[in-house]
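Pasted below: entry-v7.cif, mmCIF, C-alpha atoms and all ligand atoms.
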```cif
data_entry
loop_
_atom_site.label_atom_id
_atom_site.label_comp_id
_atom_site.auth_asym_id
_atom_site.auth_seq_id
_atom_site.Cartn_x
_atom_site.Cartn_y
_atom_site.Cartn_z
CA MET Y 1 37.60 52.05 58.00
CA LYS Y 2 40.60 54.19 57.06
CA PHE Y 3 43.94 54.62 58.76
CA LEU Y 4 45.47 58.05 58.91
CA THR Y 5 48.91 59.05 60.12
CA PHE Y 6 49.82 62.29 61.87
CA HIS Y 7 53.28 63.59 62.73
CA ALA Y 8 54.23 66.19 65.32
CA LYS Y 9 57.01 67.06 67.74
CA THR Y 10 55.04 65.60 70.62
CA PRO Y 11 52.44 62.80 70.78
CA ALA Y 12 49.96 65.31 72.22
CA GLU Y 13 50.29 67.58 69.21
CA ALA Y 14 49.94 64.68 66.78
CA LEU Y 15 46.86 63.44 68.61
CA LYS Y 16 45.39 66.89 68.60
CA GLN Y 17 45.83 67.08 64.82
CA ALA Y 18 44.12 63.70 64.47
CA GLN Y 19 41.27 64.78 66.70
CA VAL Y 20 40.75 68.00 64.77
CA GLN Y 21 40.69 66.24 61.40
CA CYS Y 22 38.88 63.03 62.25
CA GLY Y 23 36.72 63.94 65.16
CA GLU Y 24 36.38 62.34 68.53
CA ASP Y 25 35.32 58.92 67.23
CA ALA Y 26 38.72 58.23 65.72
CA LEU Y 27 40.50 55.33 67.38
CA VAL Y 28 44.16 55.70 68.20
CA VAL Y 29 45.90 52.65 66.73
CA SER Y 30 49.49 53.41 67.63
CA THR Y 31 51.74 56.15 68.96
CA LYS Y 32 55.46 55.97 68.54
CA GLN Y 33 58.64 57.99 68.25
CA ILE Y 34 60.03 57.95 64.75
CA LYS Y 35 63.65 56.90 64.37
CA LYS Y 36 65.74 60.03 64.13
CA LYS Y 37 68.29 60.68 61.42
CA SER Y 38 70.88 61.60 64.00
CA LEU Y 39 71.07 61.60 67.76
CA ASN Y 40 70.99 65.36 67.86
CA SER Y 41 68.08 65.94 65.50
CA GLU Y 42 64.70 66.77 67.03
CA ALA Y 43 62.38 63.93 68.01
CA LEU Y 44 59.23 63.33 65.93
CA TYR Y 45 56.20 61.35 66.98
CA GLU Y 46 53.79 59.46 64.79
CA VAL Y 47 50.16 58.80 65.65
CA VAL Y 48 48.07 56.43 63.55
CA VAL Y 49 44.29 56.66 63.92
CA ALA Y 50 41.50 54.55 62.48
CA VAL Y 51 38.31 56.30 61.42
CA GLU Y 52 35.15 55.31 59.57
CA ASP Y 53 35.26 56.32 55.89
CA SER Y 54 32.33 58.66 56.20
CA LYS Y 55 33.99 60.60 58.94
CA VAL Y 56 37.30 61.19 57.29
CA LEU Y 57 38.46 64.71 56.65
CA ASN Y 58 36.50 67.88 56.24
CA LYS Y 59 35.00 67.12 59.54
CA PRO Y 60 34.00 70.44 61.08
CA LYS Y 61 36.76 71.57 63.37
CA LYS Y 62 35.63 71.83 66.92
CA GLU Y 63 37.26 72.35 70.27
CA LEU Y 64 38.14 69.22 72.19
CA ASN Y 65 35.56 68.45 74.82
CA GLN Y 66 36.42 66.87 78.15
CA LYS Y 67 35.84 63.24 77.10
CA SER Y 68 38.03 63.47 74.01
CA THR Y 69 40.73 65.21 76.01
CA GLU Y 70 40.69 62.38 78.55
CA ASP Y 71 41.08 59.87 75.73
CA VAL Y 72 43.97 61.83 74.39
CA LEU Y 73 45.65 61.87 77.77
CA VAL Y 74 45.09 58.18 78.38
CA ASN Y 75 46.54 57.47 74.98
CA ILE Y 76 49.51 59.70 75.61
CA SER Y 77 50.09 57.93 78.86
CA GLU Y 78 49.99 54.60 77.02
CA ALA Y 79 52.39 55.94 74.42
CA ALA Y 80 54.75 57.12 77.12
CA LYS Y 81 54.63 53.68 78.74
CA GLN Y 82 55.62 52.11 75.44
CA ILE Y 83 58.49 54.53 75.04
CA SER Y 84 59.57 53.80 78.58
CA LYS Y 85 59.53 50.07 77.93
CA ILE Y 86 61.75 50.51 74.92
CA ALA Y 87 64.13 52.71 76.86
CA LYS Y 88 64.01 50.50 79.98
CA VAL Y 89 63.76 53.56 82.20
CA THR Y 90 63.17 51.68 85.40
CA GLN Y 91 64.19 54.25 87.94
CA ALA Y 92 62.05 57.02 86.63
CA PRO Y 93 58.54 55.64 86.37
CA LEU Y 94 56.53 56.87 83.51
CA PRO Y 95 54.50 59.95 84.02
CA THR Y 96 51.19 58.83 85.28
CA LYS Y 97 50.78 62.50 85.99
CA PRO Y 98 48.38 63.25 83.13
CA LYS Y 99 46.05 60.48 84.28
CA ILE Y 100 46.07 61.76 87.86
CA LYS Y 101 45.37 65.21 86.60
CA VAL Y 102 42.34 63.96 84.72
CA GLU Y 103 40.98 62.48 87.91
CA GLU Y 104 41.86 65.45 90.05
CA ARG Y 105 40.58 68.04 87.73
CA SER Y 106 37.05 67.55 86.84
CA GLY Y 107 37.02 70.52 84.47
CA THR Y 108 38.58 70.90 81.06
CA ASP Y 109 41.65 72.84 82.20
CA ILE Y 110 44.14 70.03 81.49
CA ASP Y 111 47.63 71.45 81.31
CA VAL Y 112 49.01 70.17 78.03
CA ASN Y 113 52.25 72.03 78.76
CA ASP Y 114 52.93 69.71 81.73
CA ILE Y 115 52.52 66.72 79.45
CA LYS Y 116 54.76 68.34 76.89
CA GLN Y 117 57.43 68.85 79.51
CA GLU Y 118 57.20 65.25 80.69
CA ILE Y 119 57.52 63.97 77.16
CA THR Y 120 60.47 66.25 76.45
CA LYS Y 121 62.21 64.91 79.56
CA LEU Y 122 61.48 61.39 78.40
CA ALA Y 123 62.83 62.11 74.94
CA ASP Y 124 66.06 63.40 76.53
CA LYS Y 125 66.40 60.20 78.51
CA ILE Y 126 65.89 58.15 75.38
CA LYS Y 127 68.60 60.20 73.67
CA LEU Y 128 71.00 59.41 76.50
CA ILE Y 129 70.13 55.75 76.50
CA GLN Y 130 70.53 55.55 72.74
CA GLU Y 131 74.05 56.96 73.11
CA MET Y 132 74.82 54.47 75.85
CA PHE Y 133 73.56 51.60 73.74
CA TRP Y 134 75.65 52.71 70.82
CA GLU Y 135 78.72 52.96 73.00
CA GLU Y 136 78.07 49.63 74.69
CA LYS Y 137 76.81 47.56 71.88
CA ALA Y 138 78.18 48.73 68.61
CA PRO Y 139 81.53 50.45 68.88
CA GLN Y 140 83.06 50.74 65.47
CA ARG Y 141 86.81 51.05 64.99
CA ASN Y 142 88.43 50.87 61.60
CA ASN Y 143 85.30 49.21 60.23
CA LEU Y 144 85.49 46.54 62.91
CA ALA Y 145 82.07 45.90 64.36
CA ILE Y 146 82.24 44.76 67.97
CA PRO Y 147 79.28 42.54 68.84
CA PRO Y 148 77.51 43.42 72.12
CA GLU Y 149 78.72 40.28 73.93
CA PHE Y 150 82.29 41.47 73.38
CA SER Y 151 81.64 44.99 74.63
CA GLU Y 152 82.78 44.28 78.22
CA ILE Y 153 86.14 42.88 77.24
CA TYR Y 154 86.57 45.54 74.56
CA LYS Y 155 85.96 48.32 77.07
CA LEU Y 156 88.31 46.75 79.65
CA ALA Y 157 91.10 46.41 77.12
CA ARG Y 158 90.55 49.91 75.80
CA THR Y 159 90.68 51.51 79.26
CA SER Y 160 93.86 49.53 80.02
CA GLY Y 161 95.72 51.90 77.70
CA MET Y 162 96.54 49.25 75.14
CA GLY Y 163 97.51 50.77 71.77
CA PRO Y 164 94.36 51.11 69.62
CA ASP Y 165 95.93 49.20 66.71
CA HIS Y 166 96.81 46.28 68.96
CA LEU Y 167 93.35 46.24 70.43
CA ASP Y 168 91.71 46.18 67.01
CA ASN Y 169 94.02 43.41 65.78
CA ILE Y 170 93.44 41.30 68.86
CA MET Y 171 89.68 41.83 68.68
CA LYS Y 172 89.74 40.86 65.03
CA LEU Y 173 91.68 37.68 65.82
CA THR Y 174 89.31 36.86 68.66
CA LEU Y 175 86.25 37.39 66.47
CA GLU Y 176 87.70 35.28 63.68
CA HIS Y 177 88.93 32.35 65.73
CA MET Y 178 86.75 32.09 68.76
CA PRO Y 179 84.53 29.02 68.61
CA GLN Y 180 80.85 29.91 68.32
CA LYS Y 181 80.06 27.93 71.46
CA MET Y 182 82.30 30.12 73.62
CA ARG Y 183 80.64 33.32 72.52
CA GLN Y 184 77.55 32.61 74.51
CA SER Y 185 78.82 33.89 77.83
CA SER Y 186 80.85 36.98 78.53
CA ASP Y 187 82.88 34.91 81.03
CA SER Y 188 84.12 32.48 78.40
CA ILE Y 189 84.81 35.39 76.06
CA LYS Y 190 86.93 36.99 78.76
CA ARG Y 191 88.83 33.76 79.40
CA TYR Y 192 89.52 33.26 75.70
CA PHE Y 193 90.73 36.84 75.39
CA GLN Y 194 92.99 36.43 78.43
CA VAL Y 195 94.60 33.31 77.00
CA LEU Y 196 95.20 35.10 73.72
CA LEU Y 197 96.83 38.07 75.48
CA ARG Y 198 99.03 35.80 77.61
CA LYS Y 199 100.39 34.13 74.53
CA MET Y 200 101.36 37.50 73.13
CA VAL Y 201 103.62 38.61 76.01
CA PRO Y 202 107.27 37.63 75.58
CA VAL Y 203 108.64 36.80 79.02
CA ARG Y 204 112.15 35.92 80.11
CA HIS Y 205 112.11 33.32 82.84
CA GLU Y 206 114.57 33.61 85.67
CA SER Y 207 117.27 31.05 85.07
CA GLU Y 208 120.20 29.78 87.07
CA VAL Y 209 123.67 30.95 86.16
CA PRO Y 210 125.45 27.90 84.79
CA ARG Y 211 128.23 26.64 87.03
CA GLY Y 212 131.59 28.20 86.18
CA SER Y 213 130.13 31.18 84.32
CA LYS Y 214 129.19 34.73 85.26
CA ARG Y 215 126.15 36.89 84.69
CA LEU Y 216 126.67 40.64 84.44
CA MET Y 217 123.43 42.60 84.50
CA MET Y 218 123.45 46.33 83.79
CA PHE Y 219 120.38 48.42 84.62
CA VAL Y 220 119.85 51.46 82.44
CA GLY Y 221 116.93 53.84 82.05
CA PRO Y 222 115.55 57.31 82.66
CA THR Y 223 116.10 59.13 85.95
CA GLY Y 224 114.15 58.04 88.99
CA VAL Y 225 112.45 54.98 87.48
CA GLY Y 226 113.77 52.69 90.23
CA LYS Y 227 117.03 51.25 88.87
CA THR Y 228 118.92 51.35 92.18
CA THR Y 229 115.95 50.06 94.20
CA THR Y 230 115.48 47.20 91.72
CA ILE Y 231 119.18 46.30 92.01
CA ALA Y 232 118.89 46.23 95.82
CA LYS Y 233 115.85 43.94 95.60
CA LEU Y 234 117.54 41.61 93.10
CA ALA Y 235 120.77 41.53 95.08
CA ALA Y 236 118.79 40.32 98.09
CA ARG Y 237 116.80 37.90 95.97
CA TYR Y 238 119.81 36.29 94.30
CA SER Y 239 121.97 36.11 97.39
CA TYR Y 240 119.44 35.29 100.13
CA ILE Y 241 115.94 34.51 98.85
CA LYS Y 242 116.28 32.24 95.83
CA GLU Y 243 116.53 28.55 96.50
CA LYS Y 244 119.89 28.29 94.76
CA ARG Y 245 121.89 31.22 96.11
CA ASP Y 246 124.35 33.20 94.03
CA LYS Y 247 127.49 35.07 94.97
CA VAL Y 248 126.44 38.61 94.23
CA GLY Y 249 128.64 41.67 93.68
CA ILE Y 250 127.56 45.22 92.86
CA ILE Y 251 129.18 47.90 90.71
CA THR Y 252 127.91 51.44 90.53
CA LEU Y 253 128.71 53.71 87.62
CA ASP Y 254 126.53 56.40 89.14
CA THR Y 255 129.34 58.29 90.84
CA TYR Y 256 128.19 61.77 89.81
CA ARG Y 257 126.00 62.16 92.87
CA ILE Y 258 127.23 61.44 96.37
CA GLY Y 259 123.71 60.58 97.49
CA ALA Y 260 123.35 57.93 94.80
CA VAL Y 261 126.63 56.22 95.74
CA GLU Y 262 125.64 56.35 99.41
CA GLN Y 263 122.24 54.80 98.65
CA LEU Y 264 123.71 51.69 97.06
CA PHE Y 265 126.62 51.39 99.51
CA GLN Y 266 124.09 51.36 102.35
CA TYR Y 267 122.13 48.51 100.73
CA ALA Y 268 125.34 46.57 100.03
CA LYS Y 269 126.51 47.04 103.62
CA MET Y 270 123.19 45.84 105.01
CA MET Y 271 123.29 42.74 102.82
CA LYS Y 272 127.04 42.20 103.37
CA LEU Y 273 127.71 42.24 99.64
CA PRO Y 274 130.85 43.56 97.91
CA ILE Y 275 130.45 46.81 96.02
CA GLU Y 276 132.75 48.84 93.73
CA ASP Y 277 132.30 52.37 92.41
CA VAL Y 278 133.65 53.08 88.97
CA VAL Y 279 134.38 56.31 87.16
CA ASP Y 280 135.92 55.27 83.85
CA THR Y 281 136.33 52.22 81.66
CA ASN Y 282 139.74 51.26 83.15
CA ASP Y 283 138.21 51.27 86.61
CA PHE Y 284 135.42 49.13 85.28
CA ASN Y 285 137.64 46.21 84.32
CA ASN Y 286 139.55 46.53 87.59
CA ALA Y 287 136.27 46.35 89.48
CA LEU Y 288 135.23 43.27 87.51
CA ARG Y 289 138.52 41.62 88.43
CA SER Y 290 138.08 42.36 92.12
CA LEU Y 291 134.59 40.82 91.99
CA ASN Y 292 135.99 37.76 90.28
CA HIS Y 293 134.62 35.47 92.98
CA CYS Y 294 131.03 36.55 92.24
CA ASN Y 295 128.87 34.77 89.69
CA VAL Y 296 126.23 37.53 89.50
CA ILE Y 297 127.31 41.16 89.13
CA LEU Y 298 124.65 43.84 89.20
CA ILE Y 299 125.67 47.15 87.63
CA ASP Y 300 123.87 50.38 88.51
CA THR Y 301 124.06 53.33 86.15
CA VAL Y 302 123.27 56.99 86.30
CA GLY Y 303 119.74 57.82 85.23
CA SER Y 304 119.78 59.49 81.82
CA SER Y 305 117.18 61.41 79.99
CA GLN Y 306 116.60 59.62 76.71
CA TYR Y 307 117.75 62.86 75.02
CA ASP Y 308 121.08 63.06 76.85
CA LYS Y 309 123.27 61.60 74.11
CA GLU Y 310 126.50 62.21 76.04
CA LYS Y 311 125.49 60.11 79.06
CA LEU Y 312 124.10 57.40 76.80
CA ALA Y 313 127.36 57.28 74.82
CA LYS Y 314 129.32 56.88 78.07
CA LEU Y 315 127.16 53.91 79.04
CA SER Y 316 127.87 52.39 75.67
CA SER Y 317 131.63 52.77 76.22
CA PHE Y 318 131.39 50.77 79.48
CA ILE Y 319 129.48 47.97 77.75
CA ASN Y 320 132.00 47.85 74.90
CA SER Y 321 135.04 47.87 77.17
CA SER Y 322 133.92 44.88 79.24
CA ASP Y 323 135.74 41.57 78.88
CA TYR Y 324 132.45 39.85 79.65
CA GLU Y 325 129.15 39.97 77.86
CA ILE Y 326 126.71 42.30 79.63
CA ASP Y 327 122.99 41.67 79.87
CA VAL Y 328 121.40 45.11 79.40
CA ASN Y 329 118.16 45.62 81.35
CA LEU Y 330 116.11 48.68 80.41
CA VAL Y 331 114.15 49.85 83.46
CA LEU Y 332 110.89 51.64 82.68
CA SER Y 333 108.08 52.99 84.78
CA ALA Y 334 104.75 51.27 84.09
CA GLY Y 335 103.00 54.59 84.66
CA ASN Y 336 104.44 56.21 81.54
CA LYS Y 337 102.34 56.85 78.45
CA LEU Y 338 102.80 54.45 75.55
CA GLU Y 339 104.31 57.12 73.28
CA ASP Y 340 106.84 58.04 75.98
CA LEU Y 341 107.75 54.38 76.59
CA ARG Y 342 108.29 53.90 72.86
CA GLU Y 343 110.46 57.00 72.65
CA ILE Y 344 112.55 55.99 75.68
CA TYR Y 345 113.05 52.55 74.21
CA GLU Y 346 114.05 54.01 70.82
CA ASN Y 347 116.67 56.24 72.42
CA PHE Y 348 118.17 53.50 74.60
CA SER Y 349 117.95 50.80 71.94
CA PHE Y 350 121.44 51.47 70.58
CA LEU Y 351 122.74 49.87 73.81
CA ASN Y 352 121.26 46.59 72.52
CA ILE Y 353 118.64 46.08 75.17
CA ASP Y 354 118.25 42.43 76.19
CA THR Y 355 115.29 42.64 78.50
CA LEU Y 356 112.84 45.03 80.14
CA VAL Y 357 112.08 45.65 83.80
CA PHE Y 358 108.88 47.54 84.63
CA THR Y 359 108.59 49.41 87.92
CA LYS Y 360 105.85 51.22 89.84
CA PHE Y 361 103.10 48.71 89.13
CA ASP Y 362 101.52 49.96 92.33
CA GLU Y 363 101.22 53.47 90.92
CA THR Y 364 99.22 52.89 87.77
CA LYS Y 365 96.01 51.43 86.45
CA THR Y 366 96.85 51.34 82.77
CA PHE Y 367 98.88 48.19 82.20
CA GLY Y 368 97.83 47.94 78.56
CA THR Y 369 100.68 50.35 77.79
CA VAL Y 370 103.19 47.84 79.21
CA PHE Y 371 101.60 45.10 77.14
CA SER Y 372 101.63 47.16 73.96
CA LEU Y 373 105.28 48.18 74.33
CA ILE Y 374 106.48 44.62 74.96
CA TYR Y 375 104.38 43.33 72.08
CA ASP Y 376 105.51 46.13 69.78
CA ILE Y 377 109.25 45.83 70.32
CA ASP Y 378 109.19 42.09 70.97
CA LYS Y 379 111.68 42.26 73.85
CA PRO Y 380 111.10 39.95 76.77
CA VAL Y 381 110.19 41.36 80.16
CA SER Y 382 111.96 39.86 83.18
CA TYR Y 383 110.79 41.61 86.36
CA PHE Y 384 107.97 43.80 87.63
CA SER Y 385 108.63 46.09 90.58
CA VAL Y 386 105.46 46.56 92.60
CA GLY Y 387 106.43 48.96 95.37
CA GLN Y 388 109.23 50.66 97.27
CA GLU Y 389 109.93 47.94 99.77
CA VAL Y 390 113.31 46.20 99.50
CA PRO Y 391 113.53 43.24 98.99
CA ASN Y 392 109.91 42.13 98.79
CA ASP Y 393 108.31 44.34 96.15
CA ILE Y 394 109.50 42.51 93.08
CA VAL Y 395 107.77 39.91 90.92
CA VAL Y 396 109.43 37.61 88.43
CA ALA Y 397 107.67 38.55 85.20
CA ASN Y 398 104.96 36.24 84.02
CA SER Y 399 102.27 36.85 81.45
CA ASP Y 400 99.38 35.76 83.73
CA PHE Y 401 100.29 38.48 86.17
CA LEU Y 402 100.49 41.19 83.51
CA VAL Y 403 97.23 40.20 81.81
CA GLU Y 404 95.47 39.98 85.17
CA CYS Y 405 96.71 43.50 86.01
CA MET Y 406 95.56 44.72 82.60
CA LEU Y 407 92.04 43.44 82.92
CA ASN Y 408 91.42 43.59 86.66
CA GLY Y 409 94.05 46.00 88.02
CA PHE Y 410 97.05 45.35 90.29
CA LYS Y 411 96.23 43.72 93.61
CA ARG Y 412 98.68 42.99 96.41
CA LYS Y 413 97.36 39.48 97.03
CA GLN Y 414 97.88 38.50 93.43
CA GLU Y 415 101.52 39.59 93.62
CA ASP Y 416 102.01 37.41 96.72
CA ALA Y 417 100.60 34.49 94.80
CA ASN Y 418 102.94 35.14 91.92
CA SER Y 419 106.14 36.12 93.67
CA SER Y 420 107.02 32.54 94.33
CA LYS Y 421 106.88 31.65 90.63
N1 LIG Y 501 105.83 53.19 94.25
C1 LIG Y 501 106.98 52.70 93.81
N2 LIG Y 501 108.09 53.38 93.98
C2 LIG Y 501 109.25 52.85 93.53
C3 LIG Y 501 109.31 51.61 92.87
N3 LIG Y 501 110.59 51.38 92.53
C4 LIG Y 501 111.30 52.43 92.99
N4 LIG Y 501 110.50 53.32 93.59
C5 LIG Y 501 110.84 54.59 94.21
O1 LIG Y 501 111.25 55.49 93.21
C6 LIG Y 501 112.20 56.39 93.72
C7 LIG Y 501 113.43 56.38 92.84
O2 LIG Y 501 114.02 55.10 92.96
P1 LIG Y 501 115.55 54.84 92.58
O3 LIG Y 501 115.79 53.39 92.73
O4 LIG Y 501 116.46 55.77 93.31
O5 LIG Y 501 115.48 55.26 91.06
P2 LIG Y 501 116.72 55.36 90.05
O6 LIG Y 501 116.22 54.95 88.73
O7 LIG Y 501 117.88 54.65 90.59
O8 LIG Y 501 116.94 56.93 90.08
P3 LIG Y 501 118.23 57.71 89.51
O9 LIG Y 501 119.43 56.96 89.98
O10 LIG Y 501 118.08 59.05 90.14
O11 LIG Y 501 118.08 57.76 88.06
C8 LIG Y 501 112.48 55.95 95.13
O12 LIG Y 501 111.72 56.72 96.00
C9 LIG Y 501 112.01 54.50 95.16
O13 LIG Y 501 111.62 54.08 96.44
C10 LIG Y 501 108.07 50.90 92.68
O14 LIG Y 501 108.00 49.83 92.10
N5 LIG Y 501 106.94 51.49 93.16
MG MG Y 502 119.83 55.28 91.01
#
```

Just dump the structure as structure tokens.
Amino acid sequence: MKFLTFHAKTPAEALKQAQVQCGEDALVVSTKQIKKKSLNSEALYEVVVAVEDSKVLNKPKKELNQKSTEDVLVNISEAAKQISKIAKVTQAPLPTKPKIKVEERSGTDIDVNDIKQEITKLADKIKLIQEMFWEEKAPQRNNLAIPPEFSEIYKLARTSGMGPDHLDNIMKLTLEHMPQKMRQSSDSIKRYFQVLLRKMVPVRHESEVPRGSKRLMMFVGPTGVGKTTTIAKLAARYSYIKEKRDKVGIITLDTYRIGAVEQLFQYAKMMKLPIEDVVDTNDFNNALRSLNHCNVILIDTVGSSQYDKEKLAKLSSFINSSDYEIDVNLVLSAGNKLEDLREIYENFSFLNIDTLVFTKFDETKTFGTVFSLIYDIDKPVSYFSVGQEVPNDIVVANSDFLVECMLNGFKRKQEDANSSK
């Protein structure tokens, strides 16, 4: 008995070659698709047949008769089933069509083209599935192989907008340090990853203002990010919501626009809080003196493009002229791209930013950018603004909340659970 191998673009063609060379007594041993050099190269099929020595080669070529054609079709059908099993194509059952055709058509007019078409379709599906498997199971980044059991968490973190370098570093750390036992379930992998991320977020906890001292908080940032709204929420929080209430005063430096002054004066009036508007540095110290009875002073500023050096310099002059130390809060929108957040931070950083406030959590799905910026610049985050509603839509920053948003998206309920923290 000899084994002979035939290659062709379709199993049918390879079988036909085998039949022509070895005759109808040849037994088909296996039919398979040969591994391709690349995903885009053409598929090739291999058929191995067994034939008695005496019948090998030089066998007179003759046309396939009906019986041999049926065998071929049954074998092709078997081959297709095997391919289907490998590809796990469950929704599209394997073409039993050739078999049916054999039964339906009693003659020899089997349409090999139909079979060819079916096999081509199948090959396309395999191509797709191969790509999916590659994407799911073996993503490679900077020579870092991600094992399949980590693919879920890897994909979640990647779609969160986290900087690619951070993601690779964190994955590397996880792969190096995660106990073998935990790797067995994707749930425990996720939990481990979450803990790791939480530890990486610098957070500034809300603290009480020590008796006898003052806290001056200035809110700076690009236009329209939510500085004034955040101040209104915090004014309400400090003076009415927090367990230990503060005496809150407000100063606005945003006197360029009548609407802006009006906006904050309205909030102050509603909350019965003192408010001062200030044009220059002399005014500023006068305003501070008239709010002397307050222990928390919230300072609103005009929104500045990060490129508007003149406005930024003016802000700096207010900070420098103050008799008190000012806590500078950079307000950023969570919906911005990571590169933009970095650039905004760079341009505001000469004001010596103390902490970050992120707004518009309700308007984005990519919280990895927030994570990456905080991690990159190593500045603590203090509040997250999660909507337009004053005073409720604000959350005291905590790493659980951010990591939860990163991996599972922002949910209202979760914010309720966290707002009391
Ligand atoms: N969806 C959503 N909207 C917000 C949030 N915070 C503020 N806003 C809205 O954003 C818009 C601008 O808010 P402001 O507080 O005026 O922003 P600002 O930074 O003071 O703007 P300028 O003073 O013009 O620089 C308003 O419509 C707010 O209601 C938030 O967390 N989520
Ligand atoms: Mg404003």

Once you count only C-alpha atoms and all ligand atoms, what closest atom pair and distance in Å to one decimal does each residue of chain Y within 7 Å of ligand MG 502 (chain Y) have, with rows by chain and rising residue number, as JSON lines?
```
{"residue": "Y:Gly224", "atom": "CA", "partner": "Y:MG502", "partner_atom": "MG", "distance": 6.6}
{"residue": "Y:Gly226", "atom": "CA", "partner": "Y:MG502", "partner_atom": "MG", "distance": 6.6}
{"residue": "Y:Lys227", "atom": "CA", "partner": "Y:MG502", "partner_atom": "MG", "distance": 5.4}
{"residue": "Y:Thr228", "atom": "CA", "partner": "Y:MG502", "partner_atom": "MG", "distance": 4.2}
{"residue": "Y:Ala260", "atom": "CA", "partner": "Y:MG502", "partner_atom": "MG", "distance": 5.8}
{"residue": "Y:Asp300", "atom": "CA", "partner": "Y:MG502", "partner_atom": "MG", "distance": 6.8}
{"residue": "Y:Thr301", "atom": "CA", "partner": "Y:MG502", "partner_atom": "MG", "distance": 6.7}
{"residue": "Y:Val302", "atom": "CA", "partner": "Y:MG502", "partner_atom": "MG", "distance": 6.1}
{"residue": "Y:Gly303", "atom": "CA", "partner": "Y:MG502", "partner_atom": "MG", "distance": 6.3}
```

**Message:** Around ligand LIG 501 (chain Y), out to 7 Å and counting all atoms listed in the file, which residues are there? I want them as a list in words.
**Reply:**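 These are the residues that qualify: Gly221, Pro222, Thr223, Gly224, Val225, Gly226, Lys227, Thr228, Thr229, Thr230, Ala260, Val302, Gly303, Ser304, Thr359, Lys360, Phe361, Asp362, Glu363, Ser385, Val386, Gly387, Gln388 and Asp393 of chain Y.
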
**Item:** Using all atoms listed in the file: which of Y:Asp283, Y:Glu389, Y:Glu346, Y:Glu404 has the shortest distance to Y:Lys365
**Value:**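 Counting all atoms listed in the file, the residue closest to Y:Lys365 is Y:Glu404.
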
**Request:** Would you kindly return, as a PyMOL selection string, each protein, DNA or RNA residue with an atom no farther than 12 Å from any atom of Y:Leu312, considering all atoms listed in the file and excluding same-chain residues fewer than 4 positions away?
**Result:** chain Y and resi 220-222+301-308+316-319+344+347-352

**Asked** Need the neighbours of (110.3, 34.7, 84.2): which residues are at most 7 Å away, counting only C-alpha atoms, as an MDAnalysis selection string?
**Response** chainID Y and resid 203:206 382 396:398

Dump as an mmCIF file with C-alpha atoms, keeping the file's coordinate frame all residues having an atom at most 12 Å from (95.3, 52.9, 82.8), computed in the file's coordinates with only C-alpha atoms.
```cif
data_model
loop_
_atom_site.group_PDB
_atom_site.id
_atom_site.type_symbol
_atom_site.label_atom_id
_atom_site.label_comp_id
_atom_site.auth_asym_id
_atom_site.auth_seq_id
_atom_site.Cartn_x
_atom_site.Cartn_y
_atom_site.Cartn_z
ATOM 1 C CA LYS Y 155 85.960 48.320 77.070
ATOM 2 C CA LEU Y 156 88.310 46.750 79.650
ATOM 3 C CA ALA Y 157 91.100 46.410 77.120
ATOM 4 C CA ARG Y 158 90.550 49.910 75.800
ATOM 5 C CA THR Y 159 90.680 51.510 79.260
ATOM 6 C CA SER Y 160 93.860 49.530 80.020
ATOM 7 C CA GLY Y 161 95.720 51.900 77.700
ATOM 8 C CA MET Y 162 96.540 49.250 75.140
ATOM 9 C CA GLY Y 163 97.510 50.770 71.770
ATOM 10 C CA ALA Y 334 104.750 51.270 84.090
ATOM 11 C CA GLY Y 335 103.000 54.590 84.660
ATOM 12 C CA ASN Y 336 104.440 56.210 81.540
ATOM 13 C CA LYS Y 337 102.340 56.850 78.450
ATOM 14 C CA LEU Y 338 102.800 54.450 75.550
ATOM 15 C CA PHE Y 361 103.100 48.710 89.130
ATOM 16 C CA ASP Y 362 101.520 49.960 92.330
ATOM 17 C CA GLU Y 363 101.220 53.470 90.920
ATOM 18 C CA THR Y 364 99.220 52.890 87.770
ATOM 19 C CA LYS Y 365 96.010 51.430 86.450
ATOM 20 C CA THR Y 366 96.850 51.340 82.770
ATOM 21 C CA PHE Y 367 98.880 48.190 82.200
ATOM 22 C CA GLY Y 368 97.830 47.940 78.560
ATOM 23 C CA THR Y 369 100.680 50.350 77.790
ATOM 24 C CA VAL Y 370 103.190 47.840 79.210
ATOM 25 C CA PHE Y 371 101.600 45.100 77.140
ATOM 26 C CA CYS Y 405 96.710 43.500 86.010
ATOM 27 C CA MET Y 406 95.560 44.720 82.600
ATOM 28 C CA LEU Y 407 92.040 43.440 82.920
ATOM 29 C CA ASN Y 408 91.420 43.590 86.660
ATOM 30 C CA GLY Y 409 94.050 46.000 88.020
ATOM 31 C CA PHE Y 410 97.050 45.350 90.290
#
```

**Prompt:** So how many Å separate atom CA of Y:Met178 and atom CA of Y:Val403, to one decimal?
**Reply:** 18.6 Å

**Request:** Using only C-alpha atoms, find the one residue out of Y:Glu42, Y:Asp400, Y:Asp327, Y:Asp165 that sits nearest to Y:Ile353.
**Result:**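 Nearest to Y:Ile353: Y:Asp327.
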
**Prompt:** Can you list, as JSON, numbers by chain, every protein, DNA or RNA residue that comes within 10 Å of stretch 234-251 of chain Y when you count all atoms listed in the file, leaving out same-chain residues fewer than 6 positions away?
**Reply:** {"Y": [208, 209, 214, 215, 216, 217, 218, 228, 264, 265, 267, 268, 270, 271, 272, 273, 274, 275, 276, 277, 278, 284, 287, 288, 290, 291, 292, 293, 294, 295, 296, 297, 298, 299, 300, 301, 383, 390, 391, 392, 394, 420]}

**8 Å contact set for stretch 14-19 of chain Y, only C-alpha atoms, chain neighbours under 2 positions out, as a ChimeraX atom specification** = /Y:5-12,21-24,26,45-47,49,64,72
